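Enquirer: First, the structure itself, so that you have it in front of you.
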Amino acid sequence: MDLENQKRVKEFTEQYGAENIVVLLGAAEGEAAGLAAETVTNGDPTFAGPLAGVSLGLRVYHVCEPEVKAEFDEAVYDEQVSMMEMVLDVDDIISEMSDIRNQFCAFKD
């Protein structure tokens, strides 16, 4: 997650409260999604950005996770995501995201 996005997430969290923020990711690999998810839950693991050492505990999901996918209009999802979903290792992404949420998310649904 780039430094500007870290800054935005931190500002939104300060403005609206962590309990009111959900971060939605779309990274193409489980490892990349996991790194971004860890950044918004436990803090920037590279200690390079605004979230270095800042544990926000935010809810974080990937667009391909079933509980998120179910929230989209099916036609919109098909048009915007389904082609990419066919080449993703969705199981790996789901596993990575679940692990990060279980470890670091302060808000359980």
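Chain labels follow the order of the structure tokens: the first chain is A, the next B, and so on; residue numbering restarts at 1 in every chain, and ligands are counted from 1 in their shown order.
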Please extract the residues of chain A with a backbone DSSP assignment of strand (DSSP E or B) and present them as a ChimeraX atom specification.
Expert: /A:22-25,59-62
Enquirer: For the selection you just gave me, I'd like the residues written to a file as a PDB file, in the first residue's frame, keeping N, CA and C atoms.
Expert:
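Dumped to selection_39.pdb:
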ATOM      1  N   VAL A  22     -14.224   0.243   6.649  1.00  0.00           N
ATOM      2  CA  VAL A  22     -13.952  -1.062   6.035  1.00  0.00           C
ATOM      3  C   VAL A  22     -13.058  -0.790   4.835  1.00  0.00           C
ATOM      4  N   VAL A  23     -11.948  -1.505   4.755  1.00  0.00           N
ATOM      5  CA  VAL A  23     -11.017  -1.345   3.638  1.00  0.00           C
ATOM      6  C   VAL A  23     -11.262  -2.482   2.655  1.00  0.00           C
ATOM      7  N   LEU A  24     -11.439  -2.128   1.397  1.00  0.00           N
ATOM      8  CA  LEU A  24     -11.680  -3.100   0.336  1.00  0.00           C
ATOM      9  C   LEU A  24     -10.473  -3.111  -0.592  1.00  0.00           C
ATOM     10  N   LEU A  25      -9.860  -4.274  -0.748  1.00  0.00           N
ATOM     11  CA  LEU A  25      -8.662  -4.417  -1.568  1.00  0.00           C
ATOM     12  C   LEU A  25      -8.974  -5.154  -2.860  1.00  0.00           C
ATOM     13  N   ARG A  59     -11.398  -3.418   9.704  1.00  0.00           N
ATOM     14  CA  ARG A  59     -11.946  -4.523   8.922  1.00  0.00           C
ATOM     15  C   ARG A  59     -11.382  -4.390   7.513  1.00  0.00           C
ATOM     16  N   VAL A  60     -10.947  -5.492   6.948  1.00  0.00           N
ATOM     17  CA  VAL A  60     -10.359  -5.451   5.613  1.00  0.00           C
ATOM     18  C   VAL A  60     -10.756  -6.710   4.846  1.00  0.00           C
ATOM     19  N   TYR A  61     -11.150  -6.498   3.604  1.00  0.00           N
ATOM     20  CA  TYR A  61     -11.608  -7.597   2.748  1.00  0.00           C
ATOM     21  C   TYR A  61     -11.050  -7.413   1.346  1.00  0.00           C
ATOM     22  N   HIS A  62     -11.051  -8.490   0.597  1.00  0.00           N
ATOM     23  CA  HIS A  62     -10.698  -8.461  -0.820  1.00  0.00           C
ATOM     24  C   HIS A  62     -11.978  -8.553  -1.627  1.00  0.00           C
TER      25      HIS A  62
END
Enquirer: For A:Gly43, please output as a list in words all residues within 12 Å (counting only C-alpha atoms; exclusion window: fewer than 2 positions along the same chain).
Expert: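 Listing them by chain and then by number gives Met1, Gln6, Lys7, Val9, Lys10, Leu35, Ala36, Ala37, Glu38, Thr39, Val40, Thr41, Pro45, Thr46, Phe47, Ala48, Gly49, Pro50, Leu51, Ala52, Gly53, Val54, Ser55, Leu56, Gly57, Leu58, Ile100, Phe104 and Cys105 of chain A.
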Enquirer: Restricting the calculation to only C-alpha atoms, which member of A:Val68, A:Met84, A:Ala75, A:Ile94 is positioned closest to A:Gly30?
Expert: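 Under the stated criterion, the closest residue is A:Ile94.
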Enquirer: Each residue of stretch 20-71 of chain A lying at most 12 Å from stretch 78-81 of chain A should get a row with its shortest atom-to-atom pair and the distance in Å to one decimal, counting only C-alpha atoms; could you produce that, ordered by chain and increasing number, as a tab-separated table?
Expert:
residue	atom	partner	partner_atom	distance
A:Gly26	CA	A:Val81	CA	9.3
A:Ala27	CA	A:Val81	CA	11.7
A:Ala28	CA	A:Val81	CA	11.2
A:His62	CA	A:Val81	CA	11.5
A:Val63	CA	A:Val81	CA	8.2
A:Cys64	CA	A:Val81	CA	8.1
A:Glu65	CA	A:Val81	CA	11.7
A:Val68	CA	A:Val81	CA	12.0
A:Lys69	CA	A:Val81	CA	9.5
A:Ala70	CA	A:Asp78	CA	11.8
Enquirer: Based on the selection just made, write all heavy atoms of those residues as a JSON list (two decimals), in the first residue's frame.
Expert:
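part_22.json, written as the output of this step:
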[["chain", "number", "residue", "atom", "x", "y", "z"],
["A", 26, "GLY", "N", -8.08, -5.00, -3.82],
["A", 26, "GLY", "CA", -8.24, -5.68, -5.10],
["A", 26, "GLY", "C", -6.92, -6.20, -5.65],
["A", 26, "GLY", "O", -6.81, -6.42, -6.84],
["A", 27, "ALA", "N", -5.95, -6.42, -4.79],
["A", 27, "ALA", "CA", -4.63, -6.90, -5.23],
["A", 27, "ALA", "C", -4.75, -8.23, -5.96],
["A", 27, "ALA", "O", -5.62, -9.05, -5.65],
["A", 27, "ALA", "CB", -3.70, -7.04, -4.03],
["A", 28, "ALA", "N", -3.86, -8.46, -6.90],
["A", 28, "ALA", "CA", -3.94, -9.64, -7.76],
["A", 28, "ALA", "C", -3.32, -10.89, -7.14],
["A", 28, "ALA", "O", -3.48, -11.98, -7.66],
["A", 28, "ALA", "CB", -3.28, -9.36, -9.10],
["A", 62, "HIS", "N", -11.05, -8.49, 0.60],
["A", 62, "HIS", "CA", -10.70, -8.46, -0.82],
["A", 62, "HIS", "C", -11.98, -8.55, -1.63],
["A", 62, "HIS", "O", -12.93, -9.23, -1.24],
["A", 62, "HIS", "CB", -9.77, -9.63, -1.17],
["A", 62, "HIS", "CG", -9.15, -9.50, -2.52],
["A", 62, "HIS", "ND1", -9.82, -9.85, -3.67],
["A", 62, "HIS", "CD2", -7.93, -9.05, -2.90],
["A", 62, "HIS", "CE1", -9.03, -9.62, -4.71],
["A", 62, "HIS", "NE2", -7.88, -9.14, -4.27],
["A", 63, "VAL", "N", -12.02, -7.89, -2.74],
["A", 63, "VAL", "CA", -13.22, -7.83, -3.58],
["A", 63, "VAL", "C", -13.70, -9.21, -4.03],
["A", 63, "VAL", "O", -14.88, -9.40, -4.29],
["A", 63, "VAL", "CB", -13.00, -6.87, -4.78],
["A", 63, "VAL", "CG1", -12.03, -7.46, -5.77],
["A", 63, "VAL", "CG2", -14.30, -6.49, -5.43],
["A", 64, "CYS", "N", -12.81, -10.19, -4.07],
["A", 64, "CYS", "CA", -13.19, -11.54, -4.53],
["A", 64, "CYS", "C", -13.67, -12.45, -3.41],
["A", 64, "CYS", "O", -14.07, -13.58, -3.69],
["A", 64, "CYS", "CB", -12.00, -12.19, -5.23],
["A", 64, "CYS", "SG", -11.62, -11.41, -6.80],
["A", 65, "GLU", "N", -13.67, -11.99, -2.18],
["A", 65, "GLU", "CA", -14.16, -12.83, -1.09],
["A", 65, "GLU", "C", -15.68, -12.96, -1.19],
["A", 65, "GLU", "O", -16.38, -12.00, -1.53],
["A", 65, "GLU", "CB", -13.77, -12.24, 0.26],
["A", 65, "GLU", "CG", -12.27, -12.35, 0.52],
["A", 65, "GLU", "CD", -11.92, -11.91, 1.91],
["A", 65, "GLU", "OE1", -11.95, -12.76, 2.83],
["A", 65, "GLU", "OE2", -11.61, -10.71, 2.08],
["A", 68, "VAL", "N", -18.06, -10.34, 0.28],
["A", 68, "VAL", "CA", -18.02, -9.05, -0.40],
["A", 68, "VAL", "C", -18.69, -9.17, -1.76],
["A", 68, "VAL", "O", -19.52, -8.33, -2.13],
["A", 68, "VAL", "CB", -16.57, -8.55, -0.56],
["A", 68, "VAL", "CG1", -16.51, -7.28, -1.38],
["A", 68, "VAL", "CG2", -15.93, -8.34, 0.80],
["A", 69, "LYS", "N", -18.34, -10.21, -2.47],
["A", 69, "LYS", "CA", -18.92, -10.44, -3.80],
["A", 69, "LYS", "C", -20.45, -10.45, -3.75],
["A", 69, "LYS", "O", -21.11, -9.91, -4.64],
["A", 69, "LYS", "CB", -18.39, -11.78, -4.33],
["A", 69, "LYS", "CG", -18.78, -12.10, -5.74],
["A", 69, "LYS", "CD", -18.11, -13.40, -6.18],
["A", 69, "LYS", "CE", -18.55, -13.79, -7.56],
["A", 69, "LYS", "NZ", -17.88, -15.02, -8.02],
["A", 70, "ALA", "N", -21.00, -11.00, -2.67],
["A", 70, "ALA", "CA", -22.46, -11.08, -2.53],
["A", 70, "ALA", "C", -23.12, -9.71, -2.40],
["A", 70, "ALA", "O", -24.32, -9.57, -2.65],
["A", 70, "ALA", "CB", -22.81, -11.93, -1.31]]
Enquirer: Give me, as number ranges by chain, the residues of chain A that a backbone DSSP run labels helix (DSSP H, G or I).
Expert: A: 3-16, 18-20, 30-41, 66-69, 74-85, 90-104
Enquirer: From the options A:Glu19, A:Glu85, A:Asp2, A:Asp73, which residue's atoms come nearest to A:Ala32, counting only C-alpha atoms?
Expert: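 Among A:Glu19, A:Glu85, A:Asp2, A:Asp73, it is A:Asp2 that comes nearest to A:Ala32.
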Enquirer: Expressed in Å to a single decimal, how great is the separation between atom CA of A:Phe12 and atom CA of A:Glu74?
Expert: 28.6 Å
